[in-house]
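Data from run_10.cif: mmCIF, C-alpha atoms and all ligand atoms
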data_structure
#
loop_
_atom_site.label_atom_id
_atom_site.label_comp_id
_atom_site.auth_asym_id
_atom_site.auth_seq_id
_atom_site.Cartn_x
_atom_site.Cartn_y
_atom_site.Cartn_z
CA MET A 1 67.99 -15.30 -69.42
CA PHE A 2 65.41 -17.43 -71.25
CA VAL A 3 67.05 -20.19 -73.31
CA PRO A 4 64.65 -21.97 -75.67
CA ILE A 5 64.84 -25.76 -75.42
CA VAL A 6 63.31 -28.47 -77.59
CA THR A 7 63.36 -31.93 -76.01
CA ILE A 8 63.26 -35.07 -78.14
CA ASP A 9 62.65 -38.29 -76.24
CA GLY A 10 61.85 -41.83 -77.30
CA PRO A 11 63.22 -45.37 -77.45
CA GLY A 12 66.46 -46.40 -79.13
CA GLY A 13 66.50 -46.51 -82.92
CA VAL A 14 63.46 -44.28 -83.38
CA GLY A 15 65.31 -41.50 -85.23
CA LYS A 16 65.87 -39.00 -82.39
CA GLY A 17 69.52 -38.44 -83.23
CA THR A 18 68.91 -37.62 -86.89
CA LEU A 19 66.06 -35.26 -86.05
CA ALA A 20 67.98 -33.57 -83.23
CA LEU A 21 71.07 -33.01 -85.38
CA LYS A 22 69.09 -31.54 -88.27
CA LEU A 23 67.11 -29.23 -85.97
CA SER A 24 70.23 -28.03 -84.18
CA GLN A 25 71.95 -27.30 -87.49
CA LYS A 26 68.97 -25.47 -88.94
CA LEU A 27 68.44 -23.39 -85.79
CA GLY A 28 72.13 -22.90 -84.99
CA TRP A 29 71.43 -24.17 -81.45
CA HIS A 30 73.48 -26.46 -79.20
CA LEU A 31 72.87 -30.19 -79.28
CA LEU A 32 72.78 -32.44 -76.21
CA ASP A 33 73.01 -36.16 -76.97
CA SER A 34 72.35 -37.33 -73.41
CA GLY A 35 72.63 -40.99 -74.45
CA ALA A 36 76.28 -40.32 -75.30
CA ILE A 37 76.87 -39.25 -71.67
CA TYR A 38 75.40 -42.53 -70.36
CA ARG A 39 77.38 -44.43 -72.99
CA ALA A 40 80.61 -42.62 -72.02
CA TYR A 41 79.97 -43.44 -68.37
CA ALA A 42 79.38 -47.11 -69.30
CA ILE A 43 82.71 -47.19 -71.19
CA PHE A 44 84.38 -45.72 -68.11
CA ALA A 45 82.82 -48.41 -65.88
CA LEU A 46 83.62 -51.27 -68.28
CA SER A 47 87.24 -50.14 -68.65
CA ARG A 48 87.62 -50.36 -64.87
CA GLN A 49 85.81 -53.70 -64.79
CA LEU A 50 83.19 -52.35 -62.40
CA ASP A 51 80.00 -54.32 -61.72
CA LEU A 52 77.35 -52.42 -63.70
CA GLU A 53 74.59 -53.68 -61.39
CA ASN A 54 76.29 -52.36 -58.24
CA SER A 55 75.41 -48.71 -57.74
CA ASP A 56 77.60 -48.23 -54.64
CA GLY A 57 80.62 -49.66 -56.43
CA LEU A 58 80.05 -47.37 -59.41
CA MET A 59 79.58 -44.30 -57.23
CA LYS A 60 82.96 -44.84 -55.55
CA TYR A 61 84.64 -44.14 -58.88
CA THR A 62 82.28 -41.44 -60.18
CA PRO A 63 84.53 -38.54 -59.05
CA ASP A 64 87.16 -39.89 -61.48
CA PHE A 65 84.78 -39.77 -64.46
CA GLN A 66 85.66 -37.06 -66.95
CA MET A 67 84.13 -36.64 -70.36
CA GLU A 68 85.10 -34.25 -73.13
CA THR A 69 83.75 -33.77 -76.64
CA LYS A 70 85.62 -32.28 -79.57
CA PRO A 71 83.88 -31.33 -82.79
CA THR A 72 85.86 -32.43 -85.87
CA GLU A 73 85.13 -32.42 -89.59
CA LYS A 74 83.93 -36.04 -89.38
CA GLY A 75 81.68 -35.46 -86.37
CA VAL A 76 82.04 -35.19 -82.64
CA GLU A 77 84.85 -37.14 -80.96
CA VAL A 78 84.34 -38.28 -77.38
CA PHE A 79 87.07 -38.62 -74.77
CA VAL A 80 86.74 -40.35 -71.40
CA CYS A 81 89.48 -39.49 -68.90
CA GLY A 82 91.62 -38.29 -71.81
CA GLU A 83 91.19 -41.43 -73.96
CA ASN A 84 89.47 -41.21 -77.34
CA VAL A 85 86.52 -43.65 -77.08
CA THR A 86 84.59 -42.51 -80.17
CA HIS A 87 84.90 -45.92 -81.85
CA GLN A 88 83.32 -47.68 -78.84
CA LEU A 89 80.48 -45.26 -78.33
CA ARG A 90 77.93 -46.79 -80.74
CA LEU A 91 78.70 -50.46 -80.06
CA GLU A 92 75.73 -52.59 -78.97
CA LEU A 93 77.62 -53.62 -75.82
CA THR A 94 78.03 -49.95 -74.92
CA GLY A 95 74.31 -49.22 -75.47
CA GLN A 96 73.19 -52.20 -73.38
CA SER A 97 75.70 -51.31 -70.63
CA ALA A 98 74.53 -47.68 -70.66
CA SER A 99 70.97 -48.89 -70.22
CA ILE A 100 72.04 -50.95 -67.17
CA ILE A 101 73.96 -48.17 -65.39
CA ALA A 102 71.12 -45.74 -66.24
CA LYS A 103 68.85 -47.67 -63.83
CA HIS A 104 70.74 -46.37 -60.79
CA PRO A 105 69.32 -43.17 -59.25
CA ASP A 106 72.77 -42.10 -57.96
CA VAL A 107 74.32 -42.40 -61.40
CA ARG A 108 71.48 -40.38 -62.93
CA GLU A 109 71.88 -37.73 -60.24
CA ALA A 110 75.65 -37.53 -60.90
CA LEU A 111 75.03 -36.99 -64.64
CA PHE A 112 72.06 -34.62 -64.21
CA HIS A 113 73.97 -31.35 -63.75
CA TYR A 114 76.20 -32.16 -66.68
CA GLN A 115 73.07 -32.14 -68.84
CA ARG A 116 71.47 -29.04 -67.28
CA ASP A 117 74.65 -27.08 -67.96
CA CYS A 118 74.10 -27.56 -71.69
CA ALA A 119 71.15 -25.14 -71.72
CA VAL A 120 72.95 -22.08 -73.05
CA ALA A 121 72.04 -19.40 -75.58
CA PRO A 122 70.97 -19.28 -78.32
CA GLY A 123 69.07 -22.53 -77.59
CA LEU A 124 69.29 -26.28 -77.03
CA ILE A 125 68.01 -29.41 -78.70
CA ALA A 126 68.11 -32.15 -76.05
CA ASP A 127 67.85 -35.78 -77.14
CA GLY A 128 67.30 -38.69 -74.73
CA ARG A 129 64.81 -40.62 -72.62
CA ASP A 130 63.90 -38.17 -69.83
CA MET A 131 64.72 -34.77 -71.33
CA GLY A 132 61.09 -33.55 -71.24
CA THR A 133 60.07 -35.28 -68.01
CA VAL A 134 63.06 -34.77 -65.68
CA VAL A 135 66.02 -32.83 -67.04
CA PHE A 136 64.22 -29.94 -68.81
CA PRO A 137 60.59 -30.06 -67.61
CA GLU A 138 60.33 -26.32 -68.42
CA ALA A 139 61.04 -26.82 -72.15
CA PRO A 140 58.48 -24.99 -74.31
CA LEU A 141 58.41 -27.78 -76.91
CA LYS A 142 58.62 -31.48 -76.10
CA ILE A 143 58.60 -34.16 -78.77
CA PHE A 144 58.21 -37.88 -78.08
CA LEU A 145 59.00 -40.17 -81.03
CA THR A 146 57.65 -43.70 -81.19
CA ALA A 147 57.77 -46.64 -83.62
CA SER A 148 57.19 -50.34 -83.00
CA ALA A 149 60.18 -52.47 -82.02
CA GLU A 150 59.75 -54.40 -85.29
CA VAL A 151 59.96 -51.25 -87.42
CA ARG A 152 63.04 -50.04 -85.52
CA ALA A 153 64.70 -53.44 -85.83
CA GLU A 154 64.09 -53.49 -89.58
CA ARG A 155 65.57 -50.00 -90.02
CA ARG A 156 68.65 -50.95 -88.00
CA TYR A 157 68.97 -54.22 -89.92
CA LYS A 158 68.94 -52.38 -93.27
CA GLU A 159 71.51 -49.85 -92.03
CA LEU A 160 73.89 -52.62 -90.92
CA ILE A 161 73.40 -54.70 -94.07
CA ASN A 162 74.07 -51.60 -96.21
CA ALA A 163 77.22 -51.04 -94.17
CA GLY A 164 78.34 -54.56 -95.19
CA GLU A 165 77.78 -56.25 -91.80
CA SER A 166 76.25 -59.67 -91.51
CA VAL A 167 73.60 -59.56 -88.78
CA SER A 168 70.43 -61.35 -87.76
CA ILE A 169 67.22 -59.35 -87.63
CA PHE A 170 66.00 -61.58 -84.77
CA GLN A 171 69.09 -60.75 -82.74
CA ILE A 172 68.59 -57.03 -83.36
CA LEU A 173 64.90 -57.24 -82.42
CA SER A 174 65.65 -59.06 -79.18
CA GLU A 175 68.33 -56.47 -78.24
CA ILE A 176 65.90 -53.63 -78.96
CA GLN A 177 63.19 -55.30 -76.85
CA ALA A 178 65.62 -55.91 -73.96
CA ARG A 179 66.68 -52.27 -73.94
CA ASP A 180 63.09 -50.96 -74.24
CA ASP A 181 62.06 -53.17 -71.35
CA ARG A 182 64.87 -51.90 -69.12
CA ASP A 183 64.44 -48.23 -70.09
CA GLN A 184 60.64 -48.29 -69.65
CA ASN A 185 60.51 -50.24 -66.41
CA ARG A 186 63.27 -48.71 -64.27
CA SER A 187 62.12 -47.04 -61.08
CA VAL A 188 63.67 -43.62 -61.76
CA SER A 189 63.14 -41.47 -64.85
CA PRO A 190 61.64 -44.29 -66.93
CA LEU A 191 61.17 -43.78 -70.63
CA VAL A 192 57.74 -42.16 -70.83
CA ALA A 193 56.26 -39.24 -72.74
CA ALA A 194 55.85 -36.02 -70.74
CA GLN A 195 52.19 -35.10 -70.27
CA ASP A 196 52.65 -32.06 -72.48
CA ALA A 197 54.73 -33.83 -75.16
CA ILE A 198 53.67 -34.05 -78.78
CA ILE A 199 53.77 -37.75 -79.67
CA ILE A 200 54.81 -38.59 -83.22
CA ASP A 201 54.63 -42.15 -84.51
CA THR A 202 57.41 -42.38 -87.08
CA SER A 203 56.57 -45.94 -88.26
CA ASP A 204 55.13 -44.78 -91.58
CA CYS A 205 56.98 -41.46 -91.95
CA THR A 206 60.15 -40.53 -93.77
CA ARG A 207 62.82 -38.58 -91.89
CA ASP A 208 61.88 -35.46 -93.87
CA GLU A 209 58.20 -35.80 -92.94
CA VAL A 210 59.09 -36.04 -89.25
CA PHE A 211 61.43 -33.08 -89.52
CA ASN A 212 58.82 -30.92 -91.31
CA GLN A 213 56.21 -31.73 -88.67
CA VAL A 214 58.56 -30.70 -85.85
CA TRP A 215 59.78 -27.62 -87.72
CA GLN A 216 56.19 -26.42 -88.00
CA LEU A 217 55.80 -26.83 -84.24
CA VAL A 218 58.98 -24.80 -83.66
CA ILE A 219 57.45 -21.99 -85.72
CA ASP A 220 53.97 -22.29 -84.14
CA ARG A 221 55.46 -22.02 -80.63
CA ASN A 222 57.31 -18.85 -81.60
CA LEU A 223 60.69 -20.36 -80.83
CA ILE A 224 62.07 -18.58 -83.86
CA LYS A 225 60.85 -15.88 -86.19
CA ALA A 226 59.35 -17.59 -89.26
O1 LIG A 301 70.01 -42.95 -76.81
P1 LIG A 301 71.11 -43.99 -76.59
O2 LIG A 301 70.82 -45.29 -77.29
O3 LIG A 301 72.45 -43.47 -76.93
O4 LIG A 301 71.09 -44.28 -75.00
C1 LIG A 301 71.81 -45.34 -74.43
C2 LIG A 301 71.19 -45.72 -73.08
O5 LIG A 301 71.40 -44.66 -72.14
C3 LIG A 301 69.69 -45.94 -73.10
O6 LIG A 301 69.32 -47.28 -73.41
C4 LIG A 301 69.27 -45.56 -71.71
C5 LIG A 301 70.28 -44.53 -71.28
N1 LIG A 301 69.75 -43.15 -71.35
C6 LIG A 301 68.98 -42.73 -70.30
O7 LIG A 301 68.68 -43.51 -69.40
N2 LIG A 301 68.54 -41.45 -70.27
C7 LIG A 301 68.82 -40.60 -71.26
N3 LIG A 301 68.37 -39.33 -71.19
C8 LIG A 301 69.58 -41.03 -72.38
C9 LIG A 301 70.03 -42.33 -72.40
#
Could you take the file, read its structure, and then write that structure out as structure tokens?
Amino acid sequence: MFVPIVTIDGPGGVGKGTLALKLSQKLGWHLLDSGAIYRAYAIFALSRQLDLENSDGLMKYTPDFQMETKPTEKGVEVFVCGENVTHQLRLELTGQSASIIAKHPDVREALFHYQRDCAVAPGLIADGRDMGTVVFPEAPLKIFLTASAEVRAERRYKELINAGESVSIFQILSEIQARDDRDQNRSVSPLVAAQDAIIIDTSDCTRDEVFNQVWQLVIDRNLIKA
């Protein structure tokens, strides 16, 4: 059975998550946050004090990795091997660690089928780095969001300041650049736009403008009845 899929790829902090959530809600489709799977795996590895650079060491423990998600009123809660790790999921350490373990081909292979299994009716919005290139190359609509590292750092800085945190914009920029560098230059499934992806530079766009642009594409590709 044909399951329509929209892939949304791009670097960290570009607005993929917001766009993916809004699209999935408006369409009533499933949402795959593939970054959360890599983050959950990183939490698993950190909690066992595994060397994130050592693929063989990580693979020894992979059969023990179990991840569950539970939708609640406040959002989705994530459990790793039965433990609620929701509060750790968005930490910078978790994101950087996820980016390190995501370099290993064996780890990616182990998490691949988990992601493919999410393609179920009535449709899927898949958010990540390689959704359009590797995991769902057959997707009828592929979006690739971009924005300069400086713009993304400034957005993140404002978010954190508004949340009452005291942070340095230079620190945020250097973390964003380190993660971009690792995600773009790894040997397997690097962060790159699929050849048939629609590239949207969000630097000068509001969230609503980006959403409206993508919504029009959903209609133009006949993914839903207008
Ligand atoms: O999107 P995110 O920030 O939650 O992703 C965290 C890290 O996980 C990211 O820096 C690289 C890795 N990742 C990946 O390699 N492939 C994906 N499809 C999603 C995330």
Throw together the list of residues within 6 Å of ligand LIG 301 (chain A), counting only C-alpha atoms and all ligand atoms, and drop it here as a ChimeraX atom specification. /A:12,34-36,38-39,95,98-99,102,128-131,179,183
For those residues, write C-alpha atoms to a file as a short mmCIF file (atom, residue, chain, number, x, y, z; two decimals), keeping the file's coordinate frame.
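Once everything was written out, this is out-v5.cif:
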data_model
loop_
_atom_site.label_atom_id
_atom_site.label_comp_id
_atom_site.auth_asym_id
_atom_site.auth_seq_id
_atom_site.Cartn_x
_atom_site.Cartn_y
_atom_site.Cartn_z
CA GLY A 12 66.46 -46.40 -79.13
CA SER A 34 72.35 -37.33 -73.41
CA GLY A 35 72.63 -40.99 -74.45
CA ALA A 36 76.28 -40.32 -75.30
CA TYR A 38 75.40 -42.53 -70.36
CA ARG A 39 77.38 -44.43 -72.99
CA GLY A 95 74.31 -49.22 -75.47
CA ALA A 98 74.53 -47.68 -70.66
CA SER A 99 70.97 -48.89 -70.22
CA ALA A 102 71.12 -45.74 -66.24
CA GLY A 128 67.30 -38.69 -74.73
CA ARG A 129 64.81 -40.62 -72.62
CA ASP A 130 63.90 -38.17 -69.83
CA MET A 131 64.72 -34.77 -71.33
CA ARG A 179 66.68 -52.27 -73.94
CA ASP A 183 64.44 -48.23 -70.09
#
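For the choices A:Asp181, A:Glu92, A:Glu77, A:Glu150, the atom-to-atom distance to Ile169 (chain A) is smallest for A:Glu150 when using only C-alpha atoms.
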Distance query Asp106 (chain A) at most 9 Å, all atoms listed in the file, self and fewer than 6 positions along chain excluded, as a PyMOL selection string: chain A and resi 55-56+59
For a cutoff of 12 Å around the file-coordinate point (89.7, -37.4, -61.4), which residues qualify once you count all atoms listed in the file? I'd like the result as a list in words. Phe44, Lys60, Tyr61, Thr62, Pro63, Asp64, Phe65, Gln66, Met67, Val80, Cys81 and Gly82 of chain A
Selected residues, C-alpha atoms, written as a PDB file, in the frame of the given file, please.
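In the end it all went to result.pdb:
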ATOM      1  CA  PHE A  44      84.380 -45.720 -68.110  1.00  0.00           C
ATOM      2  CA  LYS A  60      82.960 -44.840 -55.550  1.00  0.00           C
ATOM      3  CA  TYR A  61      84.640 -44.140 -58.880  1.00  0.00           C
ATOM      4  CA  THR A  62      82.280 -41.440 -60.180  1.00  0.00           C
ATOM      5  CA  PRO A  63      84.530 -38.540 -59.050  1.00  0.00           C
ATOM      6  CA  ASP A  64      87.160 -39.890 -61.480  1.00  0.00           C
ATOM      7  CA  PHE A  65      84.780 -39.770 -64.460  1.00  0.00           C
ATOM      8  CA  GLN A  66      85.660 -37.060 -66.950  1.00  0.00           C
ATOM      9  CA  MET A  67      84.130 -36.640 -70.360  1.00  0.00           C
ATOM     10  CA  VAL A  80      86.740 -40.350 -71.400  1.00  0.00           C
ATOM     11  CA  CYS A  81      89.480 -39.490 -68.900  1.00  0.00           C
ATOM     12  CA  GLY A  82      91.620 -38.290 -71.810  1.00  0.00           C
TER      13      GLY A  82
END
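CA of Glu159 (chain A) is found 16.4 Å from CA of Ala147 (chain A).
In terms of minimum interatomic distance to Gln213 (chain A), A:Leu145 ranks closest within A:Ile5, A:Val134, A:Ala193, A:Leu145, counting only C-alpha atoms.
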For region 133-192 of chain A against region 15-19 of chain A, with a cut-off of 10 Å and counting only C-alpha atoms, what is the closest atom pair and its distance in Å to one decimal for every residue that makes the cut, ordered by chain and number, as JSON lines?
{"residue": "A:Ile143", "atom": "CA", "partner": "A:Lys16", "partner_atom": "CA", "distance": 9.5}
{"residue": "A:Phe144", "atom": "CA", "partner": "A:Lys16", "partner_atom": "CA", "distance": 8.9}
{"residue": "A:Leu145", "atom": "CA", "partner": "A:Lys16", "partner_atom": "CA", "distance": 7.1}
{"residue": "A:Thr146", "atom": "CA", "partner": "A:Gly15", "partner_atom": "CA", "distance": 8.9}
{"residue": "A:Ala147", "atom": "CA", "partner": "A:Gly15", "partner_atom": "CA", "distance": 9.3}
{"residue": "A:Arg152", "atom": "CA", "partner": "A:Gly15", "partner_atom": "CA", "distance": 8.8}
{"residue": "A:Arg155", "atom": "CA", "partner": "A:Gly15", "partner_atom": "CA", "distance": 9.8}
